[in-house]
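Enquirer: Just so it is clear, I am handing over protein_5.cif, which has mmCIF, N, CA and C atoms.
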data_input
loop_
_atom_site.label_atom_id
_atom_site.label_comp_id
_atom_site.auth_asym_id
_atom_site.auth_seq_id
_atom_site.Cartn_x
_atom_site.Cartn_y
_atom_site.Cartn_z
N PHE A 1 0.82 -1.19 0.00
CA PHE A 1 0.00 0.00 0.00
C PHE A 1 0.87 1.26 0.00
N THR A 2 1.95 1.20 0.71
CA THR A 2 2.82 2.37 0.78
C THR A 2 3.46 2.65 -0.57
N ARG A 3 3.84 1.62 -1.28
CA ARG A 3 4.42 1.80 -2.61
C ARG A 3 3.39 2.41 -3.55
N ARG A 4 2.16 1.94 -3.47
CA ARG A 4 1.11 2.51 -4.32
C ARG A 4 0.87 3.97 -3.96
N ARG A 5 0.89 4.28 -2.67
CA ARG A 5 0.71 5.67 -2.24
C ARG A 5 1.84 6.55 -2.77
N ALA A 6 3.06 6.03 -2.72
CA ALA A 6 4.21 6.79 -3.23
C ALA A 6 4.11 6.97 -4.74
N ASP A 7 3.63 5.97 -5.46
CA ASP A 7 3.47 6.09 -6.91
C ASP A 7 2.38 7.09 -7.27
N ALA A 8 1.40 7.27 -6.39
CA ALA A 8 0.30 8.18 -6.67
C ALA A 8 0.67 9.64 -6.44
N ILE A 9 1.76 9.90 -5.73
CA ILE A 9 2.17 11.28 -5.47
C ILE A 9 2.85 11.83 -6.72
N PRO A 10 2.44 13.02 -7.18
CA PRO A 10 3.09 13.60 -8.38
C PRO A 10 4.59 13.81 -8.16
N SER A 11 5.37 13.62 -9.20
CA SER A 11 6.83 13.71 -9.07
C SER A 11 7.30 15.11 -8.74
N GLU A 12 6.53 16.15 -9.10
CA GLU A 12 6.95 17.50 -8.77
C GLU A 12 6.82 17.79 -7.28
N ILE A 13 5.94 17.08 -6.58
CA ILE A 13 5.82 17.24 -5.13
C ILE A 13 6.94 16.46 -4.43
N GLY A 14 7.18 15.26 -4.88
CA GLY A 14 8.23 14.44 -4.30
C GLY A 14 7.73 13.56 -3.17
N VAL A 15 8.35 12.43 -3.04
CA VAL A 15 8.01 11.48 -2.00
C VAL A 15 8.97 11.67 -0.84
N THR A 16 8.44 12.01 0.32
CA THR A 16 9.31 12.20 1.48
C THR A 16 9.12 11.06 2.47
N TYR A 17 10.15 10.86 3.26
CA TYR A 17 10.13 9.82 4.29
C TYR A 17 8.99 10.08 5.27
N SER A 18 8.84 11.33 5.70
CA SER A 18 7.81 11.65 6.71
C SER A 18 6.40 11.43 6.17
N HIS A 19 6.19 11.74 4.89
CA HIS A 19 4.87 11.52 4.30
C HIS A 19 4.51 10.04 4.30
N LEU A 20 5.46 9.21 3.90
CA LEU A 20 5.21 7.77 3.87
C LEU A 20 5.06 7.19 5.27
N LEU A 21 5.85 7.67 6.22
CA LEU A 21 5.74 7.19 7.59
C LEU A 21 4.38 7.56 8.18
N LEU A 22 3.92 8.77 7.94
CA LEU A 22 2.59 9.17 8.41
C LEU A 22 1.50 8.33 7.77
N PHE A 23 1.66 8.02 6.49
CA PHE A 23 0.68 7.16 5.82
C PHE A 23 0.61 5.80 6.51
N ILE A 24 1.75 5.23 6.83
CA ILE A 24 1.79 3.92 7.48
C ILE A 24 1.17 3.99 8.87
N ILE A 25 1.49 5.04 9.61
CA ILE A 25 0.95 5.18 10.97
C ILE A 25 -0.56 5.37 10.92
N PHE A 26 -1.06 6.20 10.00
CA PHE A 26 -2.50 6.41 9.90
C PHE A 26 -3.23 5.14 9.45
N ALA A 27 -2.62 4.37 8.56
CA ALA A 27 -3.22 3.09 8.16
C ALA A 27 -3.27 2.13 9.35
N SER A 28 -2.22 2.13 10.15
CA SER A 28 -2.20 1.28 11.35
C SER A 28 -3.25 1.73 12.35
N MET A 29 -3.40 3.05 12.50
CA MET A 29 -4.41 3.57 13.43
C MET A 29 -5.82 3.21 12.97
N LEU A 30 -6.06 3.26 11.67
CA LEU A 30 -7.37 2.85 11.15
C LEU A 30 -7.63 1.39 11.46
N SER A 31 -6.62 0.56 11.32
CA SER A 31 -6.76 -0.85 11.69
C SER A 31 -7.09 -1.00 13.16
N GLY A 32 -6.45 -0.20 14.00
CA GLY A 32 -6.71 -0.24 15.44
C GLY A 32 -8.14 0.14 15.78
N VAL A 33 -8.67 1.14 15.09
CA VAL A 33 -10.06 1.55 15.31
C VAL A 33 -11.01 0.41 14.93
N LEU A 34 -10.75 -0.21 13.79
CA LEU A 34 -11.61 -1.32 13.36
C LEU A 34 -11.52 -2.51 14.32
N VAL A 35 -10.32 -2.84 14.75
CA VAL A 35 -10.15 -3.97 15.68
C VAL A 35 -10.81 -3.66 17.02
N GLY A 36 -10.67 -2.44 17.50
CA GLY A 36 -11.29 -2.06 18.77
C GLY A 36 -12.81 -2.15 18.71
N ALA A 37 -13.40 -1.70 17.61
CA ALA A 37 -14.86 -1.77 17.46
C ALA A 37 -15.33 -3.22 17.38
N VAL A 38 -14.63 -4.02 16.60
CA VAL A 38 -15.01 -5.43 16.46
C VAL A 38 -14.81 -6.18 17.77
N GLU A 39 -13.74 -5.88 18.48
CA GLU A 39 -13.49 -6.53 19.77
C GLU A 39 -14.60 -6.21 20.76
N THR A 40 -15.04 -4.96 20.78
CA THR A 40 -16.12 -4.57 21.68
C THR A 40 -17.41 -5.30 21.32
N LEU A 41 -17.71 -5.38 20.03
CA LEU A 41 -18.91 -6.10 19.60
C LEU A 41 -18.81 -7.58 19.95
N TYR A 42 -17.66 -8.18 19.74
CA TYR A 42 -17.46 -9.60 20.04
C TYR A 42 -17.66 -9.87 21.53
N ILE A 43 -17.05 -9.04 22.37
CA ILE A 43 -17.19 -9.25 23.81
C ILE A 43 -18.62 -9.00 24.26
N SER A 44 -19.29 -8.04 23.65
CA SER A 44 -20.69 -7.77 24.01
C SER A 44 -21.60 -8.93 23.63
N VAL A 45 -21.37 -9.51 22.46
CA VAL A 45 -22.18 -10.66 22.03
C VAL A 45 -21.91 -11.87 22.91
N MET A 46 -20.63 -12.11 23.21
CA MET A 46 -20.26 -13.26 24.03
C MET A 46 -20.70 -13.06 25.46
N GLY A 47 -20.67 -11.85 25.91
CA GLY A 47 -20.94 -11.56 27.31
C GLY A 47 -19.64 -11.29 28.03
N TYR A 48 -19.56 -10.17 28.69
CA TYR A 48 -18.31 -9.78 29.35
C TYR A 48 -17.93 -10.77 30.45
N ASP A 49 -18.92 -11.24 31.18
CA ASP A 49 -18.62 -12.19 32.27
C ASP A 49 -18.05 -13.49 31.71
N THR A 50 -18.60 -13.97 30.61
CA THR A 50 -18.09 -15.19 29.98
C THR A 50 -16.66 -14.98 29.48
N TYR A 51 -16.42 -13.81 28.91
CA TYR A 51 -15.08 -13.48 28.42
C TYR A 51 -14.07 -13.47 29.56
N ILE A 52 -14.40 -12.83 30.66
CA ILE A 52 -13.50 -12.75 31.81
C ILE A 52 -13.29 -14.13 32.44
N LEU A 53 -14.36 -14.90 32.56
CA LEU A 53 -14.22 -16.24 33.14
C LEU A 53 -13.34 -17.13 32.28
N GLY A 54 -13.44 -17.01 30.95
CA GLY A 54 -12.56 -17.77 30.07
C GLY A 54 -11.10 -17.34 30.23
N PHE A 55 -10.89 -16.05 30.38
CA PHE A 55 -9.55 -15.52 30.58
C PHE A 55 -8.98 -16.01 31.91
N ILE A 56 -9.79 -15.99 32.95
CA ILE A 56 -9.35 -16.46 34.27
C ILE A 56 -9.06 -17.96 34.24
N ASP A 57 -9.86 -18.71 33.49
CA ASP A 57 -9.63 -20.14 33.35
C ASP A 57 -8.27 -20.42 32.72
N ARG A 58 -7.88 -19.62 31.74
CA ARG A 58 -6.57 -19.80 31.10
C ARG A 58 -5.44 -19.47 32.09
N ILE A 59 -5.64 -18.47 32.92
CA ILE A 59 -4.64 -18.12 33.93
C ILE A 59 -4.51 -19.25 34.95
N ASP A 60 -5.64 -19.85 35.35
CA ASP A 60 -5.60 -20.97 36.28
C ASP A 60 -4.88 -22.16 35.67
N GLN A 61 -5.09 -22.40 34.39
CA GLN A 61 -4.39 -23.49 33.71
C GLN A 61 -2.89 -23.24 33.68
N LEU A 62 -2.49 -22.02 33.44
CA LEU A 62 -1.08 -21.67 33.43
C LEU A 62 -0.47 -21.84 34.82
N GLN A 63 -1.20 -21.42 35.83
CA GLN A 63 -0.73 -21.57 37.21
C GLN A 63 -0.57 -23.05 37.54
N GLN A 64 -1.52 -23.88 37.15
CA GLN A 64 -1.44 -25.31 37.41
C GLN A 64 -0.24 -25.93 36.69
N MET A 65 0.02 -25.48 35.48
CA MET A 65 1.16 -25.99 34.72
C MET A 65 2.47 -25.65 35.43
N TYR A 66 2.57 -24.44 35.97
CA TYR A 66 3.78 -24.06 36.71
C TYR A 66 3.94 -24.88 37.98
N ILE A 67 2.84 -25.16 38.66
CA ILE A 67 2.90 -25.97 39.87
C ILE A 67 3.36 -27.38 39.53
N GLU A 68 2.87 -27.94 38.42
CA GLU A 68 3.29 -29.28 37.99
C GLU A 68 4.76 -29.31 37.60
N MET A 69 5.31 -28.17 37.19
CA MET A 69 6.72 -28.09 36.82
C MET A 69 7.61 -28.01 38.05
N GLY A 70 7.01 -27.85 39.23
CA GLY A 70 7.78 -27.84 40.46
C GLY A 70 7.98 -26.47 41.08
N ILE A 71 7.35 -25.46 40.53
CA ILE A 71 7.46 -24.13 41.12
C ILE A 71 6.53 -24.09 42.33
N PRO A 72 7.02 -23.62 43.47
CA PRO A 72 6.20 -23.62 44.68
C PRO A 72 4.94 -22.76 44.53
N ALA A 73 3.88 -23.21 45.15
CA ALA A 73 2.60 -22.49 45.07
C ALA A 73 2.69 -21.11 45.72
N SER A 74 3.61 -20.93 46.65
CA SER A 74 3.76 -19.63 47.30
C SER A 74 4.23 -18.56 46.32
N GLU A 75 4.93 -18.96 45.27
CA GLU A 75 5.40 -18.01 44.26
C GLU A 75 4.33 -17.69 43.22
N MET A 76 3.20 -18.33 43.33
CA MET A 76 2.11 -18.12 42.38
C MET A 76 1.11 -17.08 42.87
N GLN A 77 1.45 -16.34 43.89
CA GLN A 77 0.55 -15.35 44.46
C GLN A 77 0.14 -14.30 43.44
N ILE A 78 1.02 -13.98 42.53
CA ILE A 78 0.70 -12.96 41.53
C ILE A 78 -0.47 -13.38 40.65
N PHE A 79 -0.59 -14.69 40.38
CA PHE A 79 -1.71 -15.18 39.59
C PHE A 79 -3.02 -14.97 40.34
N ASN A 80 -3.01 -15.26 41.63
CA ASN A 80 -4.22 -15.07 42.44
C ASN A 80 -4.62 -13.61 42.51
N GLU A 81 -3.65 -12.74 42.66
CA GLU A 81 -3.93 -11.30 42.71
C GLU A 81 -4.50 -10.82 41.37
N PHE A 82 -3.93 -11.33 40.29
CA PHE A 82 -4.39 -10.92 38.96
C PHE A 82 -5.82 -11.39 38.69
N THR A 83 -6.14 -12.63 39.05
CA THR A 83 -7.50 -13.12 38.82
C THR A 83 -8.51 -12.38 39.69
N THR A 84 -8.12 -12.01 40.91
CA THR A 84 -9.00 -11.22 41.77
C THR A 84 -9.26 -9.86 41.14
N LEU A 85 -8.22 -9.26 40.63
CA LEU A 85 -8.35 -7.96 39.96
C LEU A 85 -9.23 -8.07 38.72
N MET A 86 -9.06 -9.14 37.96
CA MET A 86 -9.88 -9.33 36.74
C MET A 86 -11.37 -9.48 37.09
N ARG A 87 -11.66 -10.18 38.18
CA ARG A 87 -13.06 -10.35 38.58
C ARG A 87 -13.70 -9.04 39.01
N GLN A 88 -12.91 -8.11 39.52
CA GLN A 88 -13.44 -6.84 40.01
C GLN A 88 -13.56 -5.78 38.92
N MET A 89 -12.94 -5.99 37.78
CA MET A 89 -12.96 -4.98 36.72
C MET A 89 -14.33 -4.92 36.04
N GLU A 90 -14.70 -3.72 35.65
CA GLU A 90 -15.92 -3.53 34.88
C GLU A 90 -15.58 -3.53 33.40
N GLN A 91 -16.57 -3.76 32.58
CA GLN A 91 -16.35 -3.76 31.14
C GLN A 91 -16.00 -2.35 30.68
N PRO A 92 -14.89 -2.22 29.92
CA PRO A 92 -14.53 -0.89 29.43
C PRO A 92 -15.51 -0.42 28.36
N SER A 93 -15.62 0.89 28.21
CA SER A 93 -16.52 1.45 27.20
C SER A 93 -15.94 1.20 25.81
N ILE A 94 -16.77 1.39 24.81
CA ILE A 94 -16.31 1.20 23.43
C ILE A 94 -15.23 2.23 23.11
N PHE A 95 -15.38 3.44 23.66
CA PHE A 95 -14.36 4.48 23.42
C PHE A 95 -13.01 4.06 24.00
N ALA A 96 -13.01 3.53 25.21
CA ALA A 96 -11.75 3.12 25.84
C ALA A 96 -11.11 1.97 25.07
N THR A 97 -11.92 1.02 24.63
CA THR A 97 -11.39 -0.12 23.89
C THR A 97 -10.81 0.32 22.56
N VAL A 98 -11.55 1.16 21.83
CA VAL A 98 -11.08 1.64 20.53
C VAL A 98 -9.82 2.48 20.70
N PHE A 99 -9.79 3.36 21.69
CA PHE A 99 -8.63 4.21 21.91
C PHE A 99 -7.39 3.38 22.27
N ASN A 100 -7.56 2.35 23.10
CA ASN A 100 -6.43 1.49 23.46
C ASN A 100 -5.90 0.74 22.25
N GLN A 101 -6.80 0.21 21.43
CA GLN A 101 -6.36 -0.49 20.22
C GLN A 101 -5.70 0.47 19.24
N LEU A 102 -6.23 1.69 19.14
CA LEU A 102 -5.65 2.70 18.26
C LEU A 102 -4.20 2.99 18.67
N GLN A 103 -3.97 3.17 19.96
CA GLN A 103 -2.61 3.41 20.46
C GLN A 103 -1.70 2.22 20.19
N THR A 104 -2.20 1.04 20.47
CA THR A 104 -1.38 -0.16 20.27
C THR A 104 -0.99 -0.33 18.82
N TYR A 105 -1.94 -0.21 17.92
CA TYR A 105 -1.66 -0.40 16.50
C TYR A 105 -0.77 0.71 15.95
N ALA A 106 -0.91 1.93 16.45
CA ALA A 106 -0.04 3.03 16.00
C ALA A 106 1.40 2.76 16.40
N MET A 107 1.61 2.31 17.63
CA MET A 107 2.97 2.04 18.09
C MET A 107 3.57 0.83 17.38
N VAL A 108 2.78 -0.21 17.21
CA VAL A 108 3.28 -1.40 16.52
C VAL A 108 3.51 -1.10 15.04
N GLY A 109 2.71 -0.23 14.44
CA GLY A 109 2.88 0.15 13.04
C GLY A 109 4.14 0.96 12.81
N CYS A 110 4.61 1.65 13.84
CA CYS A 110 5.84 2.45 13.70
C CYS A 110 7.07 1.58 13.47
N ILE A 111 7.10 0.43 14.08
CA ILE A 111 8.30 -0.42 14.01
C ILE A 111 8.64 -0.81 12.57
N PRO A 112 7.72 -1.47 11.84
CA PRO A 112 8.06 -1.73 10.43
C PRO A 112 7.93 -0.48 9.57
N GLY A 113 7.15 0.49 10.03
CA GLY A 113 6.94 1.71 9.25
C GLY A 113 8.22 2.48 9.03
N PHE A 114 9.09 2.54 10.03
CA PHE A 114 10.37 3.24 9.87
C PHE A 114 11.18 2.63 8.72
N ILE A 115 11.18 1.32 8.67
CA ILE A 115 11.97 0.62 7.64
C ILE A 115 11.30 0.73 6.28
N ILE A 116 10.00 0.48 6.22
CA ILE A 116 9.29 0.51 4.94
C ILE A 116 9.35 1.91 4.33
N ALA A 117 9.11 2.94 5.12
CA ALA A 117 9.15 4.31 4.60
C ALA A 117 10.54 4.66 4.10
N ALA A 118 11.58 4.22 4.78
CA ALA A 118 12.94 4.51 4.34
C ALA A 118 13.25 3.84 3.01
N ILE A 119 12.87 2.60 2.86
CA ILE A 119 13.15 1.86 1.63
C ILE A 119 12.42 2.48 0.45
N ILE A 120 11.14 2.75 0.62
CA ILE A 120 10.35 3.25 -0.49
C ILE A 120 10.73 4.69 -0.84
N SER A 121 10.98 5.52 0.15
CA SER A 121 11.37 6.91 -0.17
C SER A 121 12.74 6.94 -0.85
N ARG A 122 13.65 6.08 -0.44
CA ARG A 122 14.96 6.02 -1.08
C ARG A 122 14.83 5.54 -2.52
N ARG A 123 13.99 4.56 -2.76
CA ARG A 123 13.77 4.04 -4.11
C ARG A 123 13.21 5.13 -5.02
N HIS A 124 12.27 5.91 -4.50
CA HIS A 124 11.67 6.97 -5.31
C HIS A 124 12.65 8.11 -5.55
N ARG A 125 13.53 8.38 -4.61
CA ARG A 125 14.54 9.42 -4.84
C ARG A 125 15.50 8.99 -5.94
N ARG A 126 15.86 7.71 -5.97
CA ARG A 126 16.74 7.21 -7.04
C ARG A 126 16.05 7.28 -8.39
N ILE A 127 14.77 6.96 -8.43
CA ILE A 127 14.03 7.02 -9.69
C ILE A 127 13.93 8.46 -10.18
N ASP A 128 13.70 9.40 -9.27
CA ASP A 128 13.61 10.81 -9.64
C ASP A 128 14.96 11.33 -10.14
N VAL A 129 16.04 10.88 -9.55
CA VAL A 129 17.38 11.31 -9.97
C VAL A 129 17.69 10.78 -11.36
N GLN A 130 17.28 9.55 -11.63
CA GLN A 130 17.54 8.95 -12.94
C GLN A 130 16.76 9.63 -14.05
N LYS A 131 15.60 10.20 -13.72
CA LYS A 131 14.78 10.88 -14.74
C LYS A 131 15.44 12.17 -15.07
#
Kindly return the structure encoded in the file as structure tokens.
Expert:
Amino acid sequence: FTRRRADAIPSEIGVTYSHLLLFIIFASMLSGVLVGAVETLYISVMGYDTYILGFIDRIDQLQQMYIEMGIPASEMQIFNEFTTLMRQMEQPSIFATVFNQLQTYAMVGCIPGFIIAAIISRRHRRIDVQK
């Protein structure tokens, strides 16, 4: 998508690294908004209590696996504290879920975005120089 975006920019304007990086970050943020909305709908359809109980069940399974590996149960206190905290939490609003996913996807999109924007902007600068 970034290459297509760079090809769509007129050559007299020029393709800059910052323009391509912003494009990648905004595309990642859009993905985060969509994922946050779908996640909220999924949890609402499933039921928040069912979702939390499934999550707690996985934590209990992990704790049991550690105990079977020989780790003392006294060191598993963090799991108990975490499950207690999870049971007390209320369902976040759609705005909070979408905003959290937006932040996550923007930050994760930056990591490959730095590299992708550099490669594509450098390629377009070479093409412009050759013309």
Enquirer: Which residue, A:Val33, A:Leu20, A:Met86, A:Leu41, has the smallest gap to Phe55 (chain A) when you use only C-alpha atoms?
Expert: A:Met86
Enquirer: Using Å and a single decimal, report how far CA of Gln64 (chain A) sits from CA of Ile52 (chain A).
Expert: 18.3 Å
Enquirer: Do a neighbour search on Asp7 (chain A) at 12 Å with only C-alpha atoms, toss out local chain neighbours closer than 3 positions, and write the hits as JSON, numbers by chain.
Expert: {"A": [1, 2, 3, 4, 10, 11, 13, 14, 15, 16, 20, 120, 121, 123, 124, 125, 127, 128]}
Enquirer: Identify, on the basis of only N, CA and C atoms, every residue whose closest approach to Ala37 (chain A) does not exceed 6 Å; exclude the query and any residue fewer than 5 positions from it along the same chain; express the result as a list of chain:residue names.
Expert: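 Surrounding residues, per the criterion: A:Gly32, A:Tyr42, A:Thr97, A:Val98.
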Enquirer: Separation of CA of Pro72 (chain A) and CA of Arg58 (chain A), in Å?
Expert: 19.0 Å
Enquirer: So which residues of chain A fall under helix (DSSP H, G or I) by DSSP, listed as number ranges by chain?
Expert: A: 2-8, 17-46, 48-68, 73-88, 94-130
Enquirer: Give the answer as one residue: which of A:Ser93, A:Ala8, A:His19, A:Ala73 has the shortest atom-to-atom distance to Ile43 (chain A), using only C-alpha atoms?
Expert: A:Ser93
Enquirer: Measure the distance from atom C of Ala96 (chain A) to atom N of Gly36 (chain A) in Å and round it to one decimal.
Expert: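 Between these atoms lies a distance of 8.8 Å.
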